file my_file-v9.txt (compact mmCIF, C-alpha atoms)
# COMPACT_ATOMS: atom_id res chain seq x y z
CA MET A 215 15.65 -0.26 6.96
CA ILE A 216 15.37 1.02 3.40
CA SER A 217 15.88 -1.50 0.60
CA ALA A 218 18.94 -0.98 -1.58
CA TRP A 219 16.59 -1.05 -4.58
CA ASN A 220 14.90 2.12 -3.33
CA LEU A 221 18.25 3.90 -3.57
CA ILE A 222 17.59 3.98 -7.32
CA GLY A 223 14.60 6.24 -6.76
CA LEU A 224 16.38 8.31 -4.14
CA SER A 225 19.31 8.83 -6.51
CA VAL A 226 17.03 9.95 -9.33
CA TRP A 227 15.21 12.38 -7.04
CA ALA A 228 18.59 13.70 -5.85
CA ILE A 229 19.64 14.25 -9.48
CA ILE A 230 16.35 16.04 -10.21
CA GLY A 231 16.83 18.24 -7.15
CA GLY A 232 20.41 19.03 -8.16
CA TYR A 233 19.33 19.82 -11.70
CA LEU A 234 16.61 22.14 -10.39
CA ILE A 235 19.20 24.10 -8.38
CA TYR A 236 21.52 24.19 -11.39
CA LEU A 237 18.68 25.40 -13.61
CA ILE A 238 17.79 28.25 -11.26
CA PHE A 239 21.38 29.53 -11.22
CA ALA A 240 21.83 28.95 -14.98
CA ILE A 241 18.72 30.94 -15.86
CA ARG A 242 19.77 33.75 -13.53
CA ASN A 243 23.29 33.88 -14.99
CA ARG A 244 22.03 33.88 -18.59
CA LYS A 245 19.60 36.67 -17.76
CA ARG A 246 22.34 38.77 -16.19
CA GLN A 247 24.61 38.15 -19.17
CA ALA A 248 21.93 39.25 -21.64
CA MET A 249 21.24 42.38 -19.57
CA ARG A 250 24.93 43.30 -19.43
CA GLN A 251 25.34 42.89 -23.18
CA GLN A 252 21.92 44.42 -23.90
CA ASP A 253 21.49 41.81 -26.61
CA ASN A 254 17.82 41.05 -27.39
CA LYS A 255 18.75 38.14 -29.65
CA LEU A 256 20.79 36.53 -26.88
CA ALA A 257 17.93 37.11 -24.44
CA LYS A 258 15.50 35.28 -26.76
CA GLN A 259 17.95 32.39 -27.23
CA ASN A 260 18.38 32.13 -23.47
CA LEU A 261 14.61 32.14 -23.01
CA ILE A 262 14.20 29.26 -25.48
CA ILE A 263 16.97 27.29 -23.77
CA SER A 264 15.38 27.89 -20.36
CA ILE A 265 11.95 26.78 -21.62
CA PHE A 266 13.33 23.49 -23.01
CA GLN A 267 15.32 22.84 -19.86
CA GLY A 268 12.26 23.57 -17.73
CA LEU A 269 10.12 21.24 -19.85
CA GLY A 270 12.71 18.49 -19.50
CA LEU A 271 12.70 18.91 -15.73
CA ALA A 272 8.88 18.91 -15.63
CA VAL A 273 8.72 15.70 -17.69
CA ALA A 274 11.23 14.00 -15.36
CA ILE A 275 9.21 15.02 -12.28
CA ILE A 276 5.92 13.87 -13.84
CA LEU A 277 7.42 10.49 -14.78
CA MET A 278 8.82 9.96 -11.28
CA VAL A 279 5.54 10.95 -9.63
CA THR A 280 3.65 8.60 -11.97
CA VAL A 281 5.97 5.68 -11.13
CA THR A 282 5.63 6.44 -7.42
CA LEU A 283 1.83 6.46 -7.62
CA LEU A 284 1.62 3.23 -9.65
CA ASN A 285 -0.47 0.74 -7.71
CA ASP A 286 0.26 -2.58 -9.37
CA LYS A 287 -0.65 -5.22 -6.77
CA SER A 288 -0.64 -8.18 -9.15
CA THR A 289 1.08 -11.40 -8.11
CA SER A 290 3.88 -10.67 -10.58
CA ASN A 291 4.74 -7.46 -8.74
CA VAL A 292 4.28 -8.45 -5.09
CA SER A 293 5.35 -11.27 -2.81
CA VAL A 294 2.56 -12.75 -0.70
CA VAL A 295 3.01 -14.13 2.82
CA ARG A 296 0.17 -16.00 4.53
CA SER A 297 -0.19 -16.95 8.16
CA TYR A 298 -2.87 -18.95 9.96
CA ARG A 299 -3.91 -18.82 13.61
CA PRO A 300 -6.78 -20.18 15.66
CA ILE A 301 -9.07 -17.66 17.33
CA ALA A 302 -10.38 -17.99 20.87
CA LEU A 303 -13.77 -17.30 22.35
CA ASP A 304 -14.11 -13.84 23.86
CA THR A 305 -16.81 -12.61 26.20
CA ASN A 306 -18.43 -9.37 27.30
CA GLY A 307 -19.88 -10.90 30.47
CA ARG A 308 -23.14 -11.75 28.74
CA LYS A 309 -22.26 -13.54 25.57
CA SER A 310 -19.33 -15.54 24.20
CA TYR A 311 -18.26 -14.78 20.65
CA TYR A 312 -15.34 -15.07 18.24
CA VAL A 313 -15.77 -11.73 16.51
CA ASN A 314 -16.95 -8.41 17.85
CA VAL A 315 -18.42 -6.09 15.20
CA TYR A 316 -18.88 -2.41 15.96
CA ASN A 317 -19.22 0.89 14.11
CA ASP A 318 -16.70 3.69 14.19
CA LYS A 319 -18.11 6.52 16.29
CA ARG A 320 -16.61 9.12 13.96
CA GLN A 321 -17.70 7.30 10.81
CA PRO A 322 -20.86 5.29 11.57
CA THR A 323 -20.85 3.68 8.13
CA ARG A 324 -17.44 2.14 8.79
CA GLN A 325 -17.16 -1.09 10.76
CA TYR A 326 -14.36 -2.72 12.69
CA TYR A 327 -13.86 -6.33 13.72
CA THR A 328 -12.02 -7.45 16.84
CA TYR A 329 -10.97 -11.00 17.62
CA LEU A 330 -8.83 -12.79 20.19
CA THR A 331 -5.91 -15.06 19.37
CA ARG A 332 -3.00 -16.20 21.49
CA GLY A 333 -4.18 -13.98 24.33
CA LYS A 334 -4.07 -10.80 22.29
CA HIS A 335 -6.88 -8.74 20.81
CA TYR A 336 -6.67 -7.66 17.19
CA ARG A 337 -8.70 -5.02 15.40
CA ILE A 338 -9.15 -4.76 11.66
CA ALA A 339 -11.32 -2.51 9.48
CA SER A 340 -14.10 -4.22 7.55
CA GLY A 341 -12.64 -2.91 4.30
CA SER A 342 -9.49 -4.98 4.92
CA SER A 343 -11.18 -8.13 6.17
CA MET A 344 -14.01 -10.57 5.66
CA ILE A 345 -15.97 -12.79 8.03
CA ILE A 346 -16.80 -16.27 6.72
CA SER A 347 -19.61 -17.87 8.68
CA SER A 348 -20.99 -20.26 6.07
CA GLY A 349 -19.20 -22.74 3.81
CA VAL A 350 -15.68 -21.94 2.62
CA ASN A 351 -16.72 -22.21 -1.02
CA VAL A 352 -17.40 -18.48 -1.13
CA SER A 353 -16.44 -15.73 -3.53
CA LEU A 354 -13.27 -14.24 -2.07
CA PRO A 355 -11.98 -10.70 -2.72
CA ILE A 356 -9.01 -10.18 -5.03
CA ALA A 357 -7.02 -9.02 -1.99
CA THR A 358 -6.93 -12.62 -0.71
CA TYR A 359 -4.75 -13.59 -3.71
CA HIS A 360 -6.73 -16.76 -4.36
CA SER A 361 -6.74 -18.31 -0.90
CA ASP A 362 -6.62 -22.11 -1.15
CA VAL A 363 -10.09 -23.52 -0.46
CA ASN A 364 -8.63 -26.96 0.31
CA ARG A 365 -6.30 -25.35 2.85
CA MET A 366 -9.30 -23.57 4.36
CA LYS A 367 -11.11 -26.89 4.76
CA GLN A 368 -8.06 -28.31 6.52
CA LEU A 369 -8.07 -25.35 8.90
CA ASP A 370 -11.79 -25.94 9.55
CA HIS A 371 -11.01 -29.49 10.63
CA LYS A 372 -7.96 -28.50 12.70
CA TYR A 373 -9.42 -25.44 14.47
CA GLN A 374 -13.14 -26.29 14.56
CA LYS A 375 -14.01 -23.55 12.06
CA ALA A 376 -12.49 -20.80 14.21
CA TRP A 377 -9.36 -19.33 12.65
CA VAL A 378 -7.91 -16.33 10.83
CA GLU A 379 -5.82 -16.15 7.70
CA THR A 380 -3.72 -13.01 7.24
CA ILE A 381 -2.49 -12.18 3.75
CA SER A 382 0.35 -9.65 3.53
CA ALA A 383 1.62 -8.52 0.13
CA LYS A 384 4.84 -6.52 -0.26
CA TYR A 385 6.36 -5.02 -3.39
CA LYS A 386 9.09 -7.14 -4.96
CA PRO A 387 12.59 -5.89 -5.78
CA SER A 388 12.60 -4.41 -9.29
CA VAL A 389 13.89 -1.30 -11.05
CA LEU A 390 10.38 0.12 -11.43
CA ASN A 391 9.48 -0.45 -7.79
CA GLY A 392 12.88 0.95 -6.81
CA LEU A 393 12.20 4.10 -8.79
CA GLY A 394 8.87 4.40 -6.97
CA LEU A 395 10.56 3.85 -3.58
CA LYS A 396 8.23 0.91 -2.93
CA VAL A 397 10.45 -2.18 -2.63
CA GLY A 398 9.66 -3.91 0.65
CA ARG A 399 6.68 -1.66 1.34
CA GLN A 400 3.32 -3.27 2.09
CA ALA A 401 1.09 -3.31 -0.96
CA SER A 402 -1.94 -4.76 0.82
CA TYR A 403 -3.02 -6.49 3.99
CA TYR A 404 -6.15 -8.61 4.30
CA VAL A 405 -7.61 -10.86 6.97
CA LEU A 406 -10.08 -13.71 6.56
CA ILE A 407 -11.94 -14.41 9.81
CA ARG A 408 -13.58 -17.82 10.00
CA VAL A 409 -16.34 -18.56 12.54
CA PRO A 410 -18.64 -21.61 12.79
CA ASN A 411 -21.84 -19.59 12.26
CA GLN A 412 -23.46 -16.19 12.78
CA SER A 413 -24.23 -16.88 16.45
CA PHE A 414 -20.52 -16.47 17.21
CA ILE A 415 -20.53 -12.88 15.95
CA TYR A 416 -21.42 -10.14 18.41
CA TYR A 417 -22.91 -6.97 16.92
CA HIS A 418 -22.98 -3.74 18.93
call {"tool": "encode", "arguments": {"input": "my_file-v9.txt", "output": "C-alpha cells"}}
result
Amino acid sequence: MISAWNLIGLSVWAIIGGYLIYLIFAIRNRKRQAMRQQDNKLAKQNLIISIFQGLGLAVAIILMVTVTLLNDKSTSNVSVVRSYRPIALDTNGRKSYYVNVYNDKRQPTRQYYTYLTRGKHYRIASGSSMIISSGVNVSLPIATYHSDVNRMKQLDHKYQKAWVETISAKYKPSVLNGLGLKVGRQASYYVLIRVPNQSFIYYH
C-alpha cells in the first residue's frame, strides 16, 4: 500500500506530465498562428516563450529526479527496526555448522551466507551482512546503525553466541521523501550473524 506522503510526489509528477502535454499543444498552436499571420516578429516571440517554458519544465524534471535519487540513509531520515533470533546448527551430512558460505556461480567474487533459524533457511549476500566469530567489540559497518555492544553481549549469554540481528531501515514520512516517492520504502537491510568461532562456519 502506497503511503499518503508519496501522493505528494505522484501529484507533482502528474502536474509535470499535464504541463508537458499543455506545452506541446501550446507550441503547436502558436506556430500555426504565426504561420497564418506570416508574422516573423510573432514567430520569434513565440520561440522565446517556448524556450523559457521548456527550460522551466526541464528544471522541474531535473529537480524531481534529483530528489528521487537522493540516498540519505542517516538516522534523521530513516526509522530503524531491529530483530534478534537464535540460529540453529545445520548439517550437510559431514559437518555441523551455523553458517554456510559459498560463492555465486555467476559471480565468483560474490559470496552468500545461509543460516537456519526457527526451522527456515535464510540466504543473504555478503555485502548486506557480516559474520562475527570473535569478540563483539568489533568495528561494525555504518549499515548496522550503531548496534548496541552491551545488547550483543546479552545475546551471547542468552543464545550461546549463536544468533542473528537484522537491521531494517525505512524512509520516514517527510515532504522531501514524499516528493521522492520513498516514504515507507526500505532504505537498507543488514544482518549480523554471530557464531562462537570459525569452526562453525562451513566454506564451500
call {"tool": "closest_residue", "arguments": {"input": "my_file-v9.txt", "among": "A:Trp227, A:Trp219, A:Tyr403, A:Tyr233", "to": "Met344 in chain A", "atoms": "all atoms listed in the file"}}
result
A:Tyr403
call {"tool": "residues_around", "arguments": {"input": "my_file-v9.txt", "residues": "Ala339 in chain A", "least_positions_apart": "6", "cutoff": "12 Å", "atoms": "only C-alpha atoms", "output": "MDAnalysis selection string"}}
result
chainID A and resid 314:318 321 323:329 345 403:407
call {"tool": "closest_residue", "arguments": {"input": "my_file-v9.txt", "among": "A:Ile235, A:Leu269, A:Val409, A:Ala376", "to": "Ile301 in chain A", "atoms": "all atoms listed in the file"}}
result
A:Ala376
call {"tool": "residues_around", "arguments": {"input": "my_file-v9.txt", "residues": "Ser382 in chain A", "least_positions_apart": "3", "cutoff": "10 Å", "atoms": "all atoms listed in the file", "output": "list in words"}}
result
Val292, Ser293, Val294, Val295, Arg296, Ser297, Ala357, Thr358, Tyr359, Glu379, Gln400, Ala401, Ser402, Tyr403, Tyr404 and Val405 of chain A
call {"tool": "atom_distance", "arguments": {"input": "my_file-v9.txt", "atom1": "CA of Thr282 in chain A", "atom2": "CA of Leu354 in chain A"}}
result
28.5 Å
call {"tool": "atom_distance", "arguments": {"input": "my_file-v9.txt", "atom1": "CA of Lys384 in chain A", "atom2": "CA of Ile230 in chain A"}}
result
27.2 Å
call {"tool": "closest_residue", "arguments": {"input": "my_file-v9.txt", "among": "A:Phe239, A:Tyr385, A:Tyr416, A:Tyr311", "to": "Val397 in chain A", "atoms": "all atoms listed in the file"}}
result
A:Tyr385
call {"tool": "closest_residue", "arguments": {"input": "my_file-v9.txt", "among": "A:Leu256, A:Ala218, A:Phe414, A:Val226", "to": "Ser388 in chain A", "atoms": "only C-alpha atoms"}}
result
A:Ala218
call {"tool": "atom_distance", "arguments": {"input": "my_file-v9.txt", "atom1": "CA of Thr331 in chain A", "atom2": "CA of Pro300 in chain A"}}
result
6.4 Å
call {"tool": "closest_residue", "arguments": {"input": "my_file-v9.txt", "among": "A:Asn243, A:Leu393, A:Val313, A:Ala274", "to": "Ala257 in chain A", "atoms": "all atoms listed in the file"}}
result
A:Asn243
call {"tool": "build_atoms", "arguments": {"input": "my_file-v9.txt", "residues": "range 242-278 of chain A", "atoms": "N, CA and C atoms", "output": "PDB file, in the coordinates of the input"}}
result
ATOM      1  N   ARG A 242      19.407  32.444 -14.098  1.00  0.00           N
ATOM      2  CA  ARG A 242      19.770  33.750 -13.530  1.00  0.00           C
ATOM      3  C   ARG A 242      21.044  34.302 -14.190  1.00  0.00           C
ATOM      4  N   ASN A 243      22.025  33.425 -14.377  1.00  0.00           N
ATOM      5  CA  ASN A 243      23.290  33.880 -14.990  1.00  0.00           C
ATOM      6  C   ASN A 243      23.089  34.294 -16.445  1.00  0.00           C
ATOM      7  N   ARG A 244      22.279  33.522 -17.195  1.00  0.00           N
ATOM      8  CA  ARG A 244      22.030  33.880 -18.590  1.00  0.00           C
ATOM      9  C   ARG A 244      21.271  35.201 -18.686  1.00  0.00           C
ATOM     10  N   LYS A 245      20.364  35.414 -17.772  1.00  0.00           N
ATOM     11  CA  LYS A 245      19.600  36.670 -17.760  1.00  0.00           C
ATOM     12  C   LYS A 245      20.504  37.854 -17.467  1.00  0.00           C
ATOM     13  N   ARG A 246      21.406  37.689 -16.518  1.00  0.00           N
ATOM     14  CA  ARG A 246      22.340  38.770 -16.190  1.00  0.00           C
ATOM     15  C   ARG A 246      23.275  39.054 -17.369  1.00  0.00           C
ATOM     16  N   GLN A 247      23.710  37.976 -18.020  1.00  0.00           N
ATOM     17  CA  GLN A 247      24.610  38.150 -19.170  1.00  0.00           C
ATOM     18  C   GLN A 247      23.919  38.916 -20.285  1.00  0.00           C
ATOM     19  N   ALA A 248      22.674  38.567 -20.576  1.00  0.00           N
ATOM     20  CA  ALA A 248      21.930  39.250 -21.640  1.00  0.00           C
ATOM     21  C   ALA A 248      21.699  40.717 -21.281  1.00  0.00           C
ATOM     22  N   MET A 249      21.457  40.991 -20.003  1.00  0.00           N
ATOM     23  CA  MET A 249      21.240  42.380 -19.570  1.00  0.00           C
ATOM     24  C   MET A 249      22.518  43.189 -19.672  1.00  0.00           C
ATOM     25  N   ARG A 250      23.663  42.566 -19.344  1.00  0.00           N
ATOM     26  CA  ARG A 250      24.930  43.300 -19.430  1.00  0.00           C
ATOM     27  C   ARG A 250      25.265  43.636 -20.873  1.00  0.00           C
ATOM     28  N   GLN A 251      25.003  42.682 -21.765  1.00  0.00           N
ATOM     29  CA  GLN A 251      25.340  42.890 -23.180  1.00  0.00           C
ATOM     30  C   GLN A 251      24.240  43.635 -23.920  1.00  0.00           C
ATOM     31  N   GLN A 252      23.071  43.750 -23.275  1.00  0.00           N
ATOM     32  CA  GLN A 252      21.920  44.420 -23.900  1.00  0.00           C
ATOM     33  C   GLN A 252      21.663  43.850 -25.294  1.00  0.00           C
ATOM     34  N   ASP A 253      21.659  42.524 -25.341  1.00  0.00           N
ATOM     35  CA  ASP A 253      21.490  41.810 -26.610  1.00  0.00           C
ATOM     36  C   ASP A 253      20.130  41.118 -26.592  1.00  0.00           C
ATOM     37  N   ASN A 254      19.160  41.632 -27.361  1.00  0.00           N
ATOM     38  CA  ASN A 254      17.820  41.050 -27.390  1.00  0.00           C
ATOM     39  C   ASN A 254      17.811  39.645 -27.992  1.00  0.00           C
ATOM     40  N   LYS A 255      18.669  39.447 -29.018  1.00  0.00           N
ATOM     41  CA  LYS A 255      18.750  38.140 -29.650  1.00  0.00           C
ATOM     42  C   LYS A 255      19.236  37.095 -28.651  1.00  0.00           C
ATOM     43  N   LEU A 256      20.257  37.443 -27.888  1.00  0.00           N
ATOM     44  CA  LEU A 256      20.790  36.530 -26.880  1.00  0.00           C
ATOM     45  C   LEU A 256      19.735  36.252 -25.805  1.00  0.00           C
ATOM     46  N   ALA A 257      18.970  37.266 -25.448  1.00  0.00           N
ATOM     47  CA  ALA A 257      17.930  37.110 -24.440  1.00  0.00           C
ATOM     48  C   ALA A 257      16.864  36.112 -24.901  1.00  0.00           C
ATOM     49  N   LYS A 258      16.493  36.210 -26.218  1.00  0.00           N
ATOM     50  CA  LYS A 258      15.500  35.280 -26.760  1.00  0.00           C
ATOM     51  C   LYS A 258      16.051  33.856 -26.800  1.00  0.00           C
ATOM     52  N   GLN A 259      17.327  33.711 -27.193  1.00  0.00           N
ATOM     53  CA  GLN A 259      17.950  32.390 -27.230  1.00  0.00           C
ATOM     54  C   GLN A 259      17.983  31.779 -25.823  1.00  0.00           C
ATOM     55  N   ASN A 260      18.340  32.612 -24.853  1.00  0.00           N
ATOM     56  CA  ASN A 260      18.380  32.130 -23.470  1.00  0.00           C
ATOM     57  C   ASN A 260      16.995  31.715 -22.975  1.00  0.00           C
ATOM     58  N   LEU A 261      15.976  32.462 -23.403  1.00  0.00           N
ATOM     59  CA  LEU A 261      14.610  32.140 -23.010  1.00  0.00           C
ATOM     60  C   LEU A 261      14.194  30.774 -23.566  1.00  0.00           C
ATOM     61  N   ILE A 262      14.537  30.538 -24.847  1.00  0.00           N
ATOM     62  CA  ILE A 262      14.200  29.260 -25.480  1.00  0.00           C
ATOM     63  C   ILE A 262      14.914  28.108 -24.772  1.00  0.00           C
ATOM     64  N   ILE A 263      16.199  28.316 -24.474  1.00  0.00           N
ATOM     65  CA  ILE A 263      16.970  27.290 -23.770  1.00  0.00           C
ATOM     66  C   ILE A 263      16.345  26.996 -22.397  1.00  0.00           C
ATOM     67  N   SER A 264      15.973  28.054 -21.692  1.00  0.00           N
ATOM     68  CA  SER A 264      15.380  27.890 -20.360  1.00  0.00           C
ATOM     69  C   SER A 264      14.050  27.145 -20.429  1.00  0.00           C
ATOM     70  N   ILE A 265      13.254  27.453 -21.465  1.00  0.00           N
ATOM     71  CA  ILE A 265      11.950  26.780 -21.620  1.00  0.00           C
ATOM     72  C   ILE A 265      12.158  25.280 -21.846  1.00  0.00           C
ATOM     73  N   PHE A 266      13.080  24.906 -22.736  1.00  0.00           N
ATOM     74  CA  PHE A 266      13.330  23.490 -23.010  1.00  0.00           C
ATOM     75  C   PHE A 266      13.892  22.769 -21.778  1.00  0.00           C
ATOM     76  N   GLN A 267      14.781  23.441 -21.070  1.00  0.00           N
ATOM     77  CA  GLN A 267      15.320  22.840 -19.860  1.00  0.00           C
ATOM     78  C   GLN A 267      14.232  22.660 -18.795  1.00  0.00           C
ATOM     79  N   GLY A 268      13.363  23.664 -18.678  1.00  0.00           N
ATOM     80  CA  GLY A 268      12.260  23.570 -17.730  1.00  0.00           C
ATOM     81  C   GLY A 268      11.289  22.461 -18.084  1.00  0.00           C
ATOM     82  N   LEU A 269      11.009  22.315 -19.396  1.00  0.00           N
ATOM     83  CA  LEU A 269      10.120  21.240 -19.850  1.00  0.00           C
ATOM     84  C   LEU A 269      10.723  19.874 -19.552  1.00  0.00           C
ATOM     85  N   GLY A 270      12.025  19.752 -19.785  1.00  0.00           N
ATOM     86  CA  GLY A 270      12.710  18.490 -19.500  1.00  0.00           C
ATOM     87  C   GLY A 270      12.612  18.130 -18.021  1.00  0.00           C
ATOM     88  N   LEU A 271      12.806  19.129 -17.172  1.00  0.00           N
ATOM     89  CA  LEU A 271      12.700  18.910 -15.730  1.00  0.00           C
ATOM     90  C   LEU A 271      11.274  18.521 -15.351  1.00  0.00           C
ATOM     91  N   ALA A 272      10.284  19.203 -15.930  1.00  0.00           N
ATOM     92  CA  ALA A 272       8.880  18.910 -15.630  1.00  0.00           C
ATOM     93  C   ALA A 272       8.518  17.482 -16.042  1.00  0.00           C
ATOM     94  N   VAL A 273       8.993  17.058 -17.212  1.00  0.00           N
ATOM     95  CA  VAL A 273       8.720  15.700 -17.690  1.00  0.00           C
ATOM     96  C   VAL A 273       9.332  14.670 -16.733  1.00  0.00           C
ATOM     97  N   ALA A 274      10.562  14.915 -16.296  1.00  0.00           N
ATOM     98  CA  ALA A 274      11.230  14.000 -15.360  1.00  0.00           C
ATOM     99  C   ALA A 274      10.452  13.886 -14.058  1.00  0.00           C
ATOM    100  N   ILE A 275       9.982  15.022 -13.538  1.00  0.00           N
ATOM    101  CA  ILE A 275       9.210  15.020 -12.280  1.00  0.00           C
ATOM    102  C   ILE A 275       7.896  14.274 -12.463  1.00  0.00           C
ATOM    103  N   ILE A 276       7.203  14.530 -13.574  1.00  0.00           N
ATOM    104  CA  ILE A 276       5.920  13.870 -13.840  1.00  0.00           C
ATOM    105  C   ILE A 276       6.110  12.358 -13.941  1.00  0.00           C
ATOM    106  N   LEU A 277       7.157  11.924 -14.642  1.00  0.00           N
ATOM    107  CA  LEU A 277       7.420  10.490 -14.780  1.00  0.00           C
ATOM    108  C   LEU A 277       7.706   9.851 -13.427  1.00  0.00           C
ATOM    109  N   MET A 278       8.496  10.508 -12.598  1.00  0.00           N
ATOM    110  CA  MET A 278       8.820   9.960 -11.280  1.00  0.00           C
ATOM    111  C   MET A 278       7.586   9.907 -10.379  1.00  0.00           C
TER     112      MET A 278
END
